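A short write-up of the structure that comes next.
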Amino acid sequence: MMLFENRSFAGSYDRGNAEYSDIEFRHCQFVSSRISVTRQPARRSIVRRVRASKCEVTGCALETAVVEDVLIENLITHTPLVCWGTVFNRVVLKGKIGRIMLNPAI
């Protein structure tokens, strides 16, 4: 599993068909980033076997991504984490979790 610790990620966008798997984030910050920016469900990006602990998000969104086998622990949200048409399967939210907005629209 690839580990990122005390890192900052800003302005990251993917336009679909990406895969993020076997990654662990500890004490990382995500700013103005989006995953799976596509209106075509066939092009959804996949987030699989990811762990995030004590991370922070500001101005971020999960769009049409498929998120599975993920653990999110103690997430700080400075603005709501917006999920547009995101599909979740075996996702665990643990500890104190900030604001998350779920919207089924694609």
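Naming scheme: A, B, ... for chains in displayed order of the structure tokens; residues 1 onward per chain; ligands 1 onward as shown.
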
DSSP on the backbone: what in chain A comes out strand (DSSP E or B), as JSON, numbers by chain? {"A": [2, 3, 4, 5, 8, 9, 10, 13, 19, 20, 21, 22, 23, 24, 25, 26, 29, 30, 31, 34, 35, 46, 47, 48, 49, 50, 51, 52, 53, 56, 57, 58, 61, 62, 66, 67, 68, 69, 70, 71, 72, 73, 74, 75, 76, 77, 81, 82, 83, 84, 87, 88, 89, 90, 91, 92, 93, 94, 95, 96, 97, 100, 101, 102, 103]}

Applying 12 Å and only C-alpha atoms, which residues near A:Ala18 remain after dropping the ones on its own chain fewer than 4 positions away? List them as a VMD selection string. chain A and resid 13 to 14 34 to 38 42 to 48 64 to 66

Produce a file of the selected residues containing C-alpha atoms, as an mmCIF file, in the first residue's frame.
```
data_model
loop_
_atom_site.group_PDB
_atom_site.id
_atom_site.type_symbol
_atom_site.label_atom_id
_atom_site.label_comp_id
_atom_site.auth_asym_id
_atom_site.auth_seq_id
_atom_site.Cartn_x
_atom_site.Cartn_y
_atom_site.Cartn_z
ATOM 1 C CA TYR A 13 -8.905 16.928 -11.244
ATOM 2 C CA ASP A 14 -9.499 13.755 -13.173
ATOM 3 C CA ARG A 34 -12.313 16.680 -7.793
ATOM 4 C CA ILE A 35 -12.450 13.014 -8.686
ATOM 5 C CA SER A 36 -14.335 11.610 -11.681
ATOM 6 C CA VAL A 37 -15.459 14.823 -13.371
ATOM 7 C CA THR A 38 -17.656 13.236 -16.037
ATOM 8 C CA ALA A 42 -19.440 4.441 -18.123
ATOM 9 C CA ARG A 43 -16.369 6.661 -17.576
ATOM 10 C CA ARG A 44 -16.540 6.680 -13.752
ATOM 11 C CA SER A 45 -13.226 6.733 -11.900
ATOM 12 C CA ILE A 46 -12.678 4.105 -9.197
ATOM 13 C CA VAL A 47 -11.399 4.610 -5.657
ATOM 14 C CA ARG A 48 -10.618 1.193 -4.176
ATOM 15 C CA THR A 64 -19.463 10.127 -10.459
ATOM 16 C CA ALA A 65 -16.779 7.982 -8.802
ATOM 17 C CA VAL A 66 -17.202 4.416 -7.576
#
```

Which residue of A:Val57, A:Leu81, A:Ile76, A:Leu3 approaches A:Ile97 most closely, using only C-alpha atoms: A:Ile76

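Note that the spacing between atom CA of A:Ala52 and atom CA of A:Pro80 amounts to 16.7 Å.
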
Find the residues around stretch 30-32 of chain A up to 7 Å (only C-alpha atoms counted), leave out those fewer than 3 positions away in its own chain, and share them as a VMD selection string. chain A and resid 8 to 11 56 to 60

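Here the question is which of A:His27, A:His78, A:Arg90, A:Arg15 gets nearest to A:Arg49 using only C-alpha atoms, and that residue is A:Arg90.
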
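Using only C-alpha atoms for every distance, the candidate list A:Val82, A:Leu75, A:Cys55, A:Ala61 yields A:Ala61 as the residue closest to A:Ser33.
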
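The coordinates place atom CA of A:Ser12 at 23.9 Å from atom CA of A:Val92.
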